[in-house]
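**Student:** Pasting upload19.tsv here (TSV, C-alpha atoms):
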```
chain	number	residue	atom	x	y	z
I	1458	ASN	CA	-14.52	25.84	-37.05
I	1459	SER	CA	-12.07	22.93	-37.23
I	1460	ALA	CA	-10.09	24.32	-34.28
I	1461	LEU	CA	-13.31	24.37	-32.26
I	1462	GLN	CA	-14.08	20.77	-33.26
I	1463	ARG	CA	-10.57	19.65	-32.21
I	1464	ALA	CA	-10.92	21.49	-28.91
I	1465	ARG	CA	-14.28	19.80	-28.22
I	1466	ALA	CA	-12.81	16.39	-29.06
I	1467	THR	CA	-9.89	17.04	-26.68
I	1468	LEU	CA	-12.25	18.10	-23.88
I	1469	ASP	CA	-14.43	15.04	-24.44
I	1470	ALA	CA	-11.39	12.76	-24.26
I	1471	GLN	CA	-10.17	14.44	-21.04
I	1472	SER	CA	-13.65	14.23	-19.54
I	1473	LEU	CA	-13.84	10.50	-20.29
I	1474	SER	CA	-10.39	10.01	-18.77
I	1475	ALA	CA	-11.53	11.82	-15.60
I	1476	GLU	CA	-14.68	9.67	-15.41
I	1477	VAL	CA	-12.73	6.40	-15.41
I	1478	GLY	CA	-10.13	7.55	-12.91
I	1479	GLY	CA	-7.74	9.58	-15.02
I	1480	GLY	CA	-4.31	10.30	-13.66
I	1481	GLU	CA	-0.93	9.60	-15.09
I	1482	PRO	CA	-0.41	6.30	-16.89
I	1483	MET	CA	1.24	3.67	-14.73
I	1484	ASP	CA	4.72	2.46	-15.47
I	1485	ASP	CA	5.72	-1.20	-15.18
I	1486	GLU	CA	7.25	-0.69	-11.71
I	1487	GLN	CA	4.06	0.80	-10.29
I	1488	GLN	CA	1.86	-1.87	-11.89
I	1489	LEU	CA	4.10	-4.56	-10.41
I	1490	LEU	CA	3.71	-2.96	-6.97
I	1491	LEU	CA	-0.08	-2.92	-7.38
I	1492	ASP	CA	-0.12	-6.54	-8.59
I	1493	ARG	CA	1.89	-7.55	-5.53
I	1494	TYR	CA	-0.49	-5.60	-3.23
I	1495	LEU	CA	-3.49	-7.35	-4.80
I	1496	ASP	CA	-1.86	-10.77	-4.47
I	1497	SER	CA	-0.66	-10.31	-0.88
I	1498	PHE	CA	-4.02	-8.87	0.28
I	1499	GLU	CA	-6.13	-11.57	-1.37
I	1500	ARG	CA	-3.88	-14.29	0.10
I	1501	TYR	CA	-3.85	-12.30	3.37
I	1502	ASP	CA	-0.09	-12.80	3.47
I	1503	MET	CA	1.05	-10.18	5.97
I	1504	GLU	CA	4.74	-10.91	5.43
I	1505	ALA	CA	4.36	-10.16	1.71
I	1506	LEU	CA	2.20	-7.10	2.44
I	1507	THR	CA	4.75	-5.76	4.93
I	1508	ALA	CA	7.48	-6.01	2.27
I	1509	LEU	CA	5.50	-3.53	0.14
I	1510	LEU	CA	5.03	-0.91	2.85
I	1511	HIS	CA	7.28	2.09	3.39
I	1512	GLU	CA	8.62	2.29	6.96
I	1513	ASP	CA	6.31	5.29	7.59
I	1514	ALA	CA	3.28	3.86	5.75
I	1515	THR	CA	-0.11	4.84	7.15
I	1516	LEU	CA	-3.51	3.18	7.23
I	1517	SER	CA	-6.72	5.17	7.68
I	1518	MET	CA	-10.38	4.26	7.37
I	1519	PRO	CA	-12.60	7.35	7.01
I	1520	PRO	CA	-14.99	8.21	8.60
I	1521	TYR	CA	-13.51	6.38	11.62
I	1522	ALA	CA	-10.76	7.96	13.67
I	1523	LEU	CA	-8.63	4.91	12.83
I	1524	TRP	CA	-5.08	5.88	11.87
I	1525	MET	CA	-1.94	3.78	12.09
I	1526	GLN	CA	1.64	4.32	11.07
I	1527	GLY	CA	4.31	1.77	10.32
I	1528	PRO	CA	4.15	-1.75	8.92
I	1529	GLN	CA	4.08	-3.43	12.35
I	1530	ASP	CA	1.04	-1.44	13.58
I	1531	ILE	CA	-0.75	-2.01	10.27
I	1532	VAL	CA	-0.14	-5.77	10.32
I	1533	THR	CA	-1.09	-6.03	14.00
I	1534	TRP	CA	-4.42	-4.39	13.18
I	1535	MET	CA	-4.92	-6.56	10.07
I	1536	LEU	CA	-4.40	-9.73	12.09
I	1537	GLY	CA	-6.57	-8.45	14.98
I	1538	PRO	CA	-9.68	-6.32	14.35
I	1539	GLY	CA	-9.12	-6.43	10.58
I	1540	ALA	CA	-8.99	-10.24	10.37
I	1541	ASP	CA	-12.51	-10.38	8.91
I	1542	CYS	CA	-10.90	-9.17	5.67
I	1543	ARG	CA	-9.26	-12.57	5.20
I	1544	GLY	CA	-10.70	-14.19	2.06
I	1545	SER	CA	-11.46	-10.85	0.38
I	1546	ARG	CA	-11.35	-10.30	-3.37
I	1547	MET	CA	-10.17	-7.07	-4.96
I	1548	LEU	CA	-10.79	-5.26	-8.25
I	1549	GLN	CA	-8.28	-2.66	-9.43
I	1550	THR	CA	-9.52	0.83	-10.31
I	1551	ARG	CA	-8.39	4.45	-9.90
I	1552	ALA	CA	-9.70	7.19	-7.63
I	1553	ASN	CA	-8.79	10.84	-8.19
I	1554	GLY	CA	-5.91	9.68	-10.36
I	1555	ALA	CA	-4.52	7.40	-7.65
I	1556	PRO	CA	-4.36	3.61	-7.77
I	1557	ALA	CA	-7.27	2.02	-5.92
I	1558	PHE	CA	-8.86	-1.34	-5.23
I	1559	ALA	CA	-12.47	-2.23	-4.56
I	1560	GLN	CA	-12.51	-4.73	-1.69
I	1561	TYR	CA	-15.21	-7.39	-1.40
I	1562	ARG	CA	-15.39	-9.47	1.78
I	1563	PRO	CA	-16.84	-12.99	1.87
I	1564	ASP	CA	-20.64	-12.94	2.09
I	1565	PRO	CA	-22.21	-15.61	4.34
I	1566	ASP	CA	-24.93	-16.05	1.67
I	1567	GLY	CA	-22.29	-16.76	-1.01
I	1568	GLY	CA	-19.93	-14.74	-3.12
I	1569	HIS	CA	-18.42	-11.48	-1.92
I	1570	SER	CA	-20.03	-8.19	-0.82
I	1571	PRO	CA	-18.56	-4.67	-1.05
I	1572	TRP	CA	-16.54	-3.59	1.96
I	1573	GLY	CA	-14.25	-0.69	1.08
I	1574	LEU	CA	-12.37	1.28	-1.52
I	1575	HIS	CA	-8.59	1.16	-0.91
I	1576	VAL	CA	-6.97	4.31	-2.30
I	1577	LEU	CA	-3.21	3.89	-2.25
I	1578	GLU	CA	-0.41	6.41	-1.99
I	1579	THR	CA	2.87	5.21	-3.45
I	1580	ASP	CA	6.45	6.37	-3.72
I	1581	GLY	CA	8.58	4.36	-6.12
I	1582	ASP	CA	8.36	0.69	-5.20
I	1583	ARG	CA	6.68	1.22	-1.79
I	1584	ILE	CA	3.18	1.95	-0.52
I	1585	THR	CA	3.17	5.01	1.72
I	1586	GLY	CA	-0.54	5.18	2.49
I	1587	ILE	CA	-3.64	3.00	2.45
I	1588	ASN	CA	-6.90	4.92	2.80
I	1589	VAL	CA	-9.95	2.65	2.96
I	1590	PHE	CA	-13.26	4.42	2.32
I	1591	LEU	CA	-16.22	2.42	3.59
I	1592	ASP	CA	-19.22	4.17	1.98
I	1593	THR	CA	-19.62	1.44	-0.63
I	1594	ALA	CA	-23.32	2.21	-1.19
I	1595	ALA	CA	-22.32	5.53	-2.73
I	1596	LEU	CA	-18.80	4.81	-3.99
I	1597	PHE	CA	-19.18	1.50	-5.81
I	1598	PRO	CA	-22.02	2.69	-8.11
I	1599	ALA	CA	-20.13	5.97	-8.72
I	1600	PHE	CA	-17.11	3.95	-9.88
I	1601	GLY	CA	-19.24	1.51	-11.90
I	1602	LEU	CA	-18.20	-1.35	-9.63
I	1603	PRO	CA	-20.42	-4.41	-9.12
I	1604	LEU	CA	-22.41	-4.62	-5.90
I	1605	HIS	CA	-21.68	-8.33	-5.50
I	1606	LEU	CA	-19.07	-10.76	-6.78
I	1607	PRO	CA	-20.02	-14.39	-7.43
I	1608	ALA	CA	-18.25	-17.17	-5.58
```
I need this file expressed as structure tokens, please.
**Tutor:**
Amino acid sequence: NSALQRARATLDAQSLSAEVGGGEPMDDEQQLLLDRYLDSFERYDMEALTALLHEDATLSMPPYALWMQGPQDIVTWMLGPGADCRGSRMLQTRANGAPAFAQYRPDPDGGHSPWGLHVLETDGDRITGINVFLDTAALFPAFGLPLHLPA
């Protein structure tokens, strides 16, 4: 009986971990990388963002056929078609065990509105992939993320 109770407690703890993003705990190096990503993106500092990217880093934005490789192509897109992301705010989370950020773009009516969920791929102290999922109507509630951020 006690073995069964311990097993149920273990399963409950694992289930809760999966619900909030799960995955391996982050070490200090990875958290520093994520803090730097957050800071550079919110400041829209492309020089700082480029310093975080692996030379073969990719950017995708499902469901669009958008796919780029390499820091220069990523930054060119961010300063061109992606420039509306300037002024965004981000909240850190996890998706399928990977580090992720909820992105909120400036809302003309005030505050910030959901725009995308950045799921990052990392290798050591570099970002190797940025996958931005745009279905915020489904994703943000599923992750327990707010649907608006105040100014």
**Student:** If you take all atoms listed in the file and a cut-off of 12 Å, which residues of stretch 1581-1605 of chain I touch stretch 1542-1550 of chain I, and what are their nearest atom pairs and distances in Å to one decimal, in chain and number order, as a tab-separated table?
**Tutor:**
```
residue	atom	partner	partner_atom	distance
I:Leu1596	CA	I:Thr1550	CA	11.9
I:Phe1597	CA	I:Thr1550	CA	10.7
I:Ala1599	CA	I:Thr1550	CA	11.9
I:Phe1600	CA	I:Thr1550	CA	8.2
I:Gly1601	CA	I:Thr1550	CA	9.9
I:Leu1602	CA	I:Leu1548	CA	8.5
I:Pro1603	CA	I:Leu1548	CA	9.7
I:Leu1604	CA	I:Leu1548	CA	11.9
I:His1605	CA	I:Arg1546	CA	10.7
```
**Student:** Just checking: using all atoms listed in the file, which residue out of I:Ala1552, I:Leu1577, I:Val1589, I:Leu1490 ends up closest to I:Ala1505?
**Tutor:**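 So, comparing all the options, the nearest one is I:Leu1490.
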**Student:** Have a look at atom CA of I:Thr1579 and atom CA of I:Thr1593 and let me know their distance in Å, one decimal.
**Tutor:**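 Pair atom CA of I:Thr1579 / atom CA of I:Thr1593 returns 23.0 Å.
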**Student:** Restricting the calculation to all atoms listed in the file, which member of I:Glu1578, I:Asp1564, I:Glu1504, I:Asp1530 is positioned closest to I:Arg1551?
**Tutor:**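 Of all the options, I:Glu1578 lies closest to I:Arg1551.
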**Student:** Expressed in Å to a single decimal, how great is the separation between atom CA of I:Thr1515 and atom CA of I:Leu1606?
**Tutor:** 28.2 Å
**Student:** Could you check which of I:Asp1592, I:Asp1580, I:Asp1502, I:Asp1566 is closest to I:Pro1607, using only C-alpha atoms?
**Tutor:**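 For I:Pro1607, the nearest of the given residues is I:Asp1566.
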**Student:** For stretch 1517-1527 of chain I, work out the shell of residues within 6 Å, counting only C-alpha atoms and skipping chain neighbours fewer than 4 positions away, then give it as a list in words.
**Tutor:**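 Answer for this query is Glu1512, Asp1513, Asn1588, Val1589 and Phe1590 of chain I.
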**Student:** In terms of the shortest atom-to-atom distance over all atoms listed in the file, which of I:Ala1540, I:Val1576, I:Gly1567, I:Tyr1494 is closest to I:Gly1554?
**Tutor:** I:Val1576
**Student:** Between I:Gly1539, I:Pro1598, I:Pro1528, I:Pro1565, which one has atoms that come closest to I:Leu1510, using all atoms listed in the file?
**Tutor:**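 Residue with the minimum atom-to-atom distance to I:Leu1510: I:Pro1528.
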**Student:** For stretch 1542-1553 of chain I, supply all heavy atoms and report the output as a PDB file, in the frame of the given file.
**Tutor:**
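What landed in selection.pdb:
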```
ATOM      1  N   CYS I1542     -11.214  -9.431   7.078  1.00  0.00           N
ATOM      2  CA  CYS I1542     -10.900  -9.170   5.670  1.00  0.00           C
ATOM      3  C   CYS I1542     -10.247 -10.375   4.990  1.00  0.00           C
ATOM      4  O   CYS I1542     -10.113 -10.385   3.765  1.00  0.00           O
ATOM      5  CB  CYS I1542     -10.000  -7.946   5.538  1.00  0.00           C
ATOM      6  SG  CYS I1542     -10.827  -6.412   5.994  1.00  0.00           S
ATOM      7  N   ARG I1543      -9.854 -11.355   5.772  1.00  0.00           N
ATOM      8  CA  ARG I1543      -9.260 -12.570   5.200  1.00  0.00           C
ATOM      9  C   ARG I1543     -10.272 -13.192   4.235  1.00  0.00           C
ATOM     10  O   ARG I1543     -11.450 -13.273   4.528  1.00  0.00           O
ATOM     11  CB  ARG I1543      -8.900 -13.554   6.300  1.00  0.00           C
ATOM     12  CG  ARG I1543      -8.181 -14.790   5.782  1.00  0.00           C
ATOM     13  CD  ARG I1543      -7.749 -15.696   6.919  1.00  0.00           C
ATOM     14  NE  ARG I1543      -6.405 -15.281   7.341  1.00  0.00           N
ATOM     15  CZ  ARG I1543      -6.115 -14.799   8.542  1.00  0.00           C
ATOM     16  NH1 ARG I1543      -7.045 -14.662   9.454  1.00  0.00           N
ATOM     17  NH2 ARG I1543      -4.878 -14.450   8.836  1.00  0.00           N
ATOM     18  N   GLY I1544      -9.815 -13.591   3.062  1.00  0.00           N
ATOM     19  CA  GLY I1544     -10.700 -14.190   2.060  1.00  0.00           C
ATOM     20  C   GLY I1544     -11.313 -13.166   1.118  1.00  0.00           C
ATOM     21  O   GLY I1544     -12.129 -13.522   0.271  1.00  0.00           O
ATOM     22  N   SER I1545     -10.921 -11.903   1.251  1.00  0.00           N
ATOM     23  CA  SER I1545     -11.460 -10.850   0.380  1.00  0.00           C
ATOM     24  C   SER I1545     -10.978 -11.010  -1.050  1.00  0.00           C
ATOM     25  O   SER I1545      -9.926 -11.600  -1.313  1.00  0.00           O
ATOM     26  CB  SER I1545     -11.042  -9.464   0.879  1.00  0.00           C
ATOM     27  OG  SER I1545     -11.683  -9.135   2.077  1.00  0.00           O
ATOM     28  N   ARG I1546     -11.755 -10.438  -1.964  1.00  0.00           N
ATOM     29  CA  ARG I1546     -11.350 -10.300  -3.370  1.00  0.00           C
ATOM     30  C   ARG I1546     -11.253  -8.818  -3.667  1.00  0.00           C
ATOM     31  O   ARG I1546     -11.942  -8.006  -3.055  1.00  0.00           O
ATOM     32  CB  ARG I1546     -12.372 -10.969  -4.283  1.00  0.00           C
ATOM     33  CG  ARG I1546     -12.318 -12.494  -4.162  1.00  0.00           C
ATOM     34  CD  ARG I1546     -13.239 -13.220  -5.103  1.00  0.00           C
ATOM     35  NE  ARG I1546     -13.093 -12.773  -6.478  1.00  0.00           N
ATOM     36  CZ  ARG I1546     -14.047 -12.913  -7.396  1.00  0.00           C
ATOM     37  NH1 ARG I1546     -15.197 -13.490  -7.098  1.00  0.00           N
ATOM     38  NH2 ARG I1546     -13.858 -12.489  -8.624  1.00  0.00           N
ATOM     39  N   MET I1547     -10.406  -8.471  -4.626  1.00  0.00           N
ATOM     40  CA  MET I1547     -10.170  -7.070  -4.960  1.00  0.00           C
ATOM     41  C   MET I1547     -10.264  -6.866  -6.467  1.00  0.00           C
ATOM     42  O   MET I1547      -9.886  -7.741  -7.237  1.00  0.00           O
ATOM     43  CB  MET I1547      -8.767  -6.649  -4.502  1.00  0.00           C
ATOM     44  CG  MET I1547      -8.423  -6.970  -3.057  1.00  0.00           C
ATOM     45  SD  MET I1547      -8.971  -5.709  -1.948  1.00  0.00           S
ATOM     46  CE  MET I1547      -7.521  -4.698  -1.859  1.00  0.00           C
ATOM     47  N   LEU I1548     -10.778  -5.686  -6.850  1.00  0.00           N
ATOM     48  CA  LEU I1548     -10.790  -5.260  -8.250  1.00  0.00           C
ATOM     49  C   LEU I1548     -10.028  -3.951  -8.346  1.00  0.00           C
ATOM     50  O   LEU I1548     -10.293  -3.015  -7.587  1.00  0.00           O
ATOM     51  CB  LEU I1548     -12.225  -5.043  -8.748  1.00  0.00           C
ATOM     52  CG  LEU I1548     -13.143  -6.262  -8.797  1.00  0.00           C
ATOM     53  CD1 LEU I1548     -14.532  -5.848  -9.291  1.00  0.00           C
ATOM     54  CD2 LEU I1548     -12.564  -7.341  -9.694  1.00  0.00           C
ATOM     55  N   GLN I1549      -9.087  -3.872  -9.269  1.00  0.00           N
ATOM     56  CA  GLN I1549      -8.280  -2.660  -9.430  1.00  0.00           C
ATOM     57  C   GLN I1549      -9.070  -1.581 -10.152  1.00  0.00           C
ATOM     58  O   GLN I1549      -9.800  -1.847 -11.106  1.00  0.00           O
ATOM     59  CB  GLN I1549      -6.999  -2.971 -10.192  1.00  0.00           C
ATOM     60  CG  GLN I1549      -6.044  -1.800 -10.218  1.00  0.00           C
ATOM     61  CD  GLN I1549      -4.691  -2.149 -10.807  1.00  0.00           C
ATOM     62  OE1 GLN I1549      -4.326  -3.308 -10.931  1.00  0.00           O
ATOM     63  NE2 GLN I1549      -3.931  -1.131 -11.166  1.00  0.00           N
ATOM     64  N   THR I1550      -8.905  -0.346  -9.687  1.00  0.00           N
ATOM     65  CA  THR I1550      -9.520   0.830 -10.310  1.00  0.00           C
ATOM     66  C   THR I1550      -8.613   2.019 -10.020  1.00  0.00           C
ATOM     67  O   THR I1550      -7.462   1.845  -9.614  1.00  0.00           O
ATOM     68  CB  THR I1550     -10.974   1.020  -9.801  1.00  0.00           C
ATOM     69  OG1 THR I1550     -11.586   2.072 -10.537  1.00  0.00           O
ATOM     70  CG2 THR I1550     -11.027   1.313  -8.319  1.00  0.00           C
ATOM     71  N   ARG I1551      -9.113   3.222 -10.240  1.00  0.00           N
ATOM     72  CA  ARG I1551      -8.390   4.450  -9.900  1.00  0.00           C
ATOM     73  C   ARG I1551      -9.377   5.397  -9.247  1.00  0.00           C
ATOM     74  O   ARG I1551     -10.555   5.398  -9.579  1.00  0.00           O
ATOM     75  CB  ARG I1551      -7.768   5.078 -11.140  1.00  0.00           C
ATOM     76  CG  ARG I1551      -6.633   4.198 -11.675  1.00  0.00           C
ATOM     77  CD  ARG I1551      -5.848   4.775 -12.811  1.00  0.00           C
ATOM     78  NE  ARG I1551      -5.052   5.944 -12.545  1.00  0.00           N
ATOM     79  CZ  ARG I1551      -3.848   5.961 -11.990  1.00  0.00           C
ATOM     80  NH1 ARG I1551      -3.316   4.853 -11.561  1.00  0.00           N
ATOM     81  NH2 ARG I1551      -3.184   7.076 -11.844  1.00  0.00           N
ATOM     82  N   ALA I1552      -8.887   6.189  -8.315  1.00  0.00           N
ATOM     83  CA  ALA I1552      -9.700   7.190  -7.630  1.00  0.00           C
ATOM     84  C   ALA I1552      -8.919   8.491  -7.560  1.00  0.00           C
ATOM     85  O   ALA I1552      -7.816   8.522  -7.021  1.00  0.00           O
ATOM     86  CB  ALA I1552     -10.057   6.715  -6.222  1.00  0.00           C
ATOM     87  N   ASN I1553      -9.472   9.538  -8.142  1.00  0.00           N
ATOM     88  CA  ASN I1553      -8.790  10.840  -8.190  1.00  0.00           C
ATOM     89  C   ASN I1553      -7.374  10.725  -8.732  1.00  0.00           C
ATOM     90  O   ASN I1553      -6.457  11.376  -8.261  1.00  0.00           O
ATOM     91  CB  ASN I1553      -8.777  11.496  -6.801  1.00  0.00           C
ATOM     92  CG  ASN I1553     -10.152  11.882  -6.341  1.00  0.00           C
ATOM     93  OD1 ASN I1553     -11.036  12.153  -7.157  1.00  0.00           O
ATOM     94  ND2 ASN I1553     -10.363  11.910  -5.046  1.00  0.00           N
TER      95      ASN I1553
END
```
